[in-house]
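**Q** Below: one structure in structure tokens.
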Amino acid sequence: MEYSDKVMDHFSNPRNVGVIENASGEGTVGNPTCGDLMTIYIDVDDNEVIQDVKFKTFGCGAAIATSSMITEIANGKTVDEALEISRNDVAEALDGLPPVKMHCSNLAADALTEAIKDYKSKKDI
């Protein structure tokens, strides 16, 4: 299985790893088939802009790389803009993923969506 240089970079040097205490929103998703588990935390300001994004992922290299990449893409966007980030956007930003690993980009996008849903439910939006 061949990974792009960007996937390898984000796996070897993941960005935004960690937890945001008292996060505006938090989303956890898992894939029981492969055992990957991913949590994304967002900090949102009064203008609905994501000021900070962090993640914790238990999973394969592709899961870690997609978690890292989605935090890079989402940071600085409004929550509604971030909701538009698709699974394909994540894979494309990493210069592609092997077909057998595409489910990892699904997890990253789904975890971000869950974090935004959590934020909106707390704000009663």
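Letters A, B, ... go to the chains of the structure tokens in the order shown; residues in each chain start at 1; ligands are counted from 1 in the same order.
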Which residues, written as a list in words, have at least one atom at most 12 Å from Asp45 of chain A, with only C-alpha atoms counted and residues fewer than 5 positions away on the same chain left out?

**A** Ala23, Ser24, Gly25, Ile50, Gln51, Asp52, Asn75, Gly76, Lys77, Thr78, Val79, Tyr119 and Lys123 of chain A

**Q** What does the file look like for those residues with C-alpha atoms, as a JSON list (two decimals), in the first residue's frame?

**A**
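Final output, saved to again-v7.json:
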```json
[["chain", "number", "residue", "atom", "x", "y", "z"],
["A", 23, "ALA", "CA", -14.24, 22.83, 24.34],
["A", 24, "SER", "CA", -17.10, 24.56, 22.54],
["A", 25, "GLY", "CA", -17.81, 21.24, 20.85],
["A", 50, "ILE", "CA", -13.27, 27.97, 14.88],
["A", 51, "GLN", "CA", -10.32, 29.42, 16.80],
["A", 52, "ASP", "CA", -8.69, 26.13, 17.70],
["A", 75, "ASN", "CA", -9.06, 26.04, 11.74],
["A", 76, "GLY", "CA", -10.15, 29.63, 11.04],
["A", 77, "LYS", "CA", -13.36, 28.66, 9.24],
["A", 78, "THR", "CA", -16.86, 29.39, 10.53],
["A", 79, "VAL", "CA", -18.72, 26.37, 11.87],
["A", 119, "TYR", "CA", -21.37, 22.98, 19.72],
["A", 123, "LYS", "CA", -25.76, 26.98, 21.85]]
```

**Q** DSSP on the backbone, then: every residue of chain A marked strand (DSSP E or B), written as a ChimeraX atom specification.

**A** /A:17,25-31,36-44,49-58,78

**Q** Any idea what's packed within 8 Å of segment 93-95 of chain A, counting only C-alpha atoms, ignoring anything in its chain fewer than 2 positions away? Could you give it as number ranges by chain?

**A** A: 4, 6-7, 66, 69, 89-91, 97

**Q** Give me, please, the distance in Å between atom CA of Pro32 of chain A and atom CA of Ala62 of chain A, quoted to one decimal.

**A**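 Computed distance, atom CA of Pro32 of chain A to atom CA of Ala62 of chain A, equals 15.8 Å.
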
**Q** Quick one: residues within 8 Å of Ile20 of chain A, only C-alpha atoms, excluding same-chain residues fewer than 4 positions away - as a CSV table (one decimal) with N, CA and C atoms, in the first residue's frame?

**A**
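Everything below was put into out-v1.csv:
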```csv
chain,number,residue,atom,x,y,z
A,41,TYR,N,-12.0,18.1,19.0
A,41,TYR,CA,-12.4,19.2,19.9
A,41,TYR,C,-12.3,20.5,19.1
A,42,ILE,N,-13.3,21.4,19.3
A,42,ILE,CA,-13.3,22.7,18.7
A,42,ILE,C,-13.5,23.8,19.7
A,43,ASP,N,-12.9,24.9,19.5
A,43,ASP,CA,-13.0,26.1,20.3
A,43,ASP,C,-13.6,27.2,19.3
A,53,VAL,N,-8.6,23.8,17.0
A,53,VAL,CA,-9.1,22.5,16.7
A,53,VAL,C,-8.0,21.5,17.2
A,54,LYS,N,-8.4,20.5,18.0
A,54,LYS,CA,-7.4,19.5,18.4
A,54,LYS,C,-8.1,18.1,18.2
```

**Q** Let me make sure I understand: among A:Cys60, A:Ala115, A:Cys104, A:Ala109, which one has the smallest atom-to-atom distance to Phe11 of chain A if we use only C-alpha atoms?

**A**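 Going through A:Cys60, A:Ala115, A:Cys104, A:Ala109 one by one, the smallest distance to Phe11 of chain A is for A:Cys60.
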
**Q** Output as a ChimeraX atom specification all residues of chain A that backbone DSSP marks as helix (DSSP H, G or I).

**A** /A:5-12,61-74,79-83,87-93,99-123

**Q** Hey, can you check how far atom CA of Asp5 of chain A sits from atom CA of Ile116 of chain A?

**A**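 That distance, rounded to one decimal, is 29.6 Å.
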
**Q** Between atom CA of Lys101 of chain A and atom CA of Gly35 of chain A, measure the distance and give it in Å to one decimal.

**A**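 Calculated distance between atom CA of Lys101 of chain A and atom CA of Gly35 of chain A is 12.7 Å.
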
**Q** Which one of A:Asp124, A:Asn47, A:Lys117, A:Gly18 sits closest to Thr71 of chain A if you count only C-alpha atoms?

**A**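 Between A:Asp124, A:Asn47, A:Lys117, A:Gly18, the residue approaching Thr71 of chain A most closely is A:Gly18.
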